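Engineer: Dumping the structure here so I can ask a few things about it.
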Amino acid sequence: MAGLGECVSTERSLDEWLSLLEARHPCEIELGLERIAEVGRALKLGPPATKTIAVAGTNGKGSAVAIMEALLLRQGRRVGAYTSPHLLRYNERVRIDGQPVGDKALCQAFAEIEAARGAISLSYFEFGTLAALLLFQQAKLDVALLEVGLGGRLDAVNIVDADVAIISSIALDHESWLGDSREQIALEKAGIARANRPLICGETDIPATLLPQLKKCGARPYLLGSSDFCYHSTEQGISLTCSDSSGEQHTFTQLPAPHLPLPSALCAVQALLLLGELVPGKATSTQSLQEVFSQTFLPGRLQRLLFCNKNIVLDVAHNPAAAKLLAHNLANLKVGRIHALFSVMADKDIAAIVAPLCHLVSHWHIAALPNIARAARAADIADVLQSGQPGVTALSTYPDVKAAMAEALKQMQPEDTLLGFGSFFTVADILAVVESAAQLEDMT
């Protein structure tokens, strides 16, 4: 039964499916597990893999997944990774053995969900989560890595009882849904914890509500900075001490600083050790860690590229905590004068996001996101920058990212850097321009 008078069709293209899902459900974000759990039962969904890790956090979730995925693939494990949002193609969200799932498989999964849901309405994210879980189950994976979309307790991913849970960080974001304090947000993220199973937290400034909640639900906490999960830096690199499931401690030494956020990388190692997917003491394990730390990147996370002979740095920093980290990282790079191309959603704390970067940016290029209903207007962002931010001397607004990028590149000197940051949509639009130019170049 398709519901809403629609017939099931496996002939729809992936773009047609996605357009249908976007148009059908009125709420872009609708938290709650009842509807998706009921459809999951109709699909006879079981565990998505032999072992499962769920990852929540304000920032750093995708980085933890990327590190774990890279380590597991090096060990020859069959691994699935579900992340969100995507940058250029929806397929990026669902990977099996390191490769995005193809259109045909996604469309077939969507068709199966459509047939099973009856009259139950599912959001875009819920539909996609069920598709990933269905595909993972069919692939007979060793390990499934599931990134929480929003919060944790009521997120669609939480219909799965993970063997190990990670909270990468806890900061203010999505306050309308999760609460307006870190204490409330910590409770929401702790919702992915399960009784008698590990919960790893990479946040060193623990909100007061977290440990009592973990004790209440019976989870076993592993907190970064505690005696059983800690690190220190030496001249030879990072020395990381983790504990396995029996409580025995193991130390990995001479690890290079990762390109991705350090707490996320450390949580990834602790999680795989608890899951029995790292073998301490083996030289190959240490070597794998060293290589993965030094070689793993993620698009849109302090991503550096050269385009039209100009330096570009891209980062999906769209909340105050991420913006502070971005400012810290930029201060350690040779970037010359910075032209910032920025846009973000209207419900974000725009003033707090731009504040850490104002002293670094020479010219702000503010772009509208005309196809995104939740996006802040360029004029409103400009008002925030001009009314309350010291050091803003040059600012321009544009109808879209493409126009902003063209003008910024035109104004830049060879030693300057274009910093594209804010919403995933902002970074995606910049990458689309770069990819389009590359395709044209290939055709000539």
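Residues in the structure tokens are named by chain (A, B, ... in the order shown) and by number from 1 within that chain; ligands are numbered from 1 in the order shown.
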Go through segment 191-216 of chain A and flag each residue having an atom no more than 9 Å from segment 142-161 of chain A; for those, report the closest pair of atoms plus their distance in Å to one decimal, using only C-alpha atoms, ordered by chain and rising number, as a tab-separated table.

Structural biologist:
residue	atom	partner	partner_atom	distance
A:Gly191	CA	A:Arg153	CA	3.9
A:Ile192	CA	A:Gly152	CA	5.5
A:Ala193	CA	A:Asp161	CA	8.4
A:Arg194	CA	A:Asp161	CA	7.0

Engineer: Could the residues of segment 43-102 of chain A that have an atom at most 9 Å from segment 294-299 of chain A be listed as CSV, each with its closest atom pair and the distance in Å to one decimal, counting only C-alpha atoms and ordered by chain and ascending residue number?

Structural biologist:
residue,atom,partner,partner_atom,distance
A:Gly62,CA,A:Leu298,CA,8.1
A:Ser63,CA,A:Leu298,CA,7.1
A:Ala66,CA,A:Thr296,CA,7.3
A:Ile67,CA,A:Thr296,CA,6.8
A:Ala70,CA,A:Thr296,CA,7.4
A:Leu87,CA,A:Pro299,CA,8.1

Engineer: Based on the selection just made, write C-alpha atoms of those residues as a tab-separated table (two decimals), in the first residue's frame.

Structural biologist:
chain	number	residue	atom	x	y	z
A	62	GLY	CA	31.18	12.40	10.57
A	63	SER	CA	34.86	12.56	11.46
A	66	ALA	CA	35.37	8.37	8.76
A	67	ILE	CA	38.22	7.27	11.05
A	70	ALA	CA	39.06	3.71	7.30
A	87	LEU	CA	27.33	17.55	-0.17

Engineer: Excluding Pro47 of chain A and its own-chain neighbours fewer than 3 positions away, which residues fall within 9 Å of it when counting only C-alpha atoms? Please give them as an MDAnalysis selection string.

Structural biologist: chainID A and resid 50:52 133 136:137 160:162

Engineer: Taking C-alpha atoms for each residue, export the selection above as a JSON list (two decimals), in the first residue's frame.

Structural biologist:
[["chain", "number", "residue", "atom", "x", "y", "z"],
["A", 50, "THR", "CA", 26.97, -8.16, 13.33],
["A", 51, "LYS", "CA", 28.17, -5.15, 15.37],
["A", 52, "THR", "CA", 26.88, -1.58, 15.33],
["A", 133, "LEU", "CA", 19.37, -0.01, 7.48],
["A", 136, "PHE", "CA", 23.09, -2.80, 5.38],
["A", 137, "GLN", "CA", 21.07, -5.78, 6.56],
["A", 160, "VAL", "CA", 18.81, 0.56, 16.46],
["A", 161, "ASP", "CA", 20.31, -0.72, 19.72],
["A", 162, "ALA", "CA", 23.99, -0.01, 19.12]]

Engineer: Just how far from atom CA of Leu385 of chain A is atom CA of Leu357 of chain A, in Å to one decimal?

Structural biologist: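 Separating atom CA of Leu357 of chain A from atom CA of Leu385 of chain A is a distance of 10.9 Å.
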
Engineer: Kindly indicate which residue among A:Gln138, A:Ser423, A:Asn311, A:Ser264 lies nearest to Lys61 of chain A, using only C-alpha atoms for the distances.

Structural biologist: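 Among the listed residues, A:Ser264 lies closest to Lys61 of chain A.
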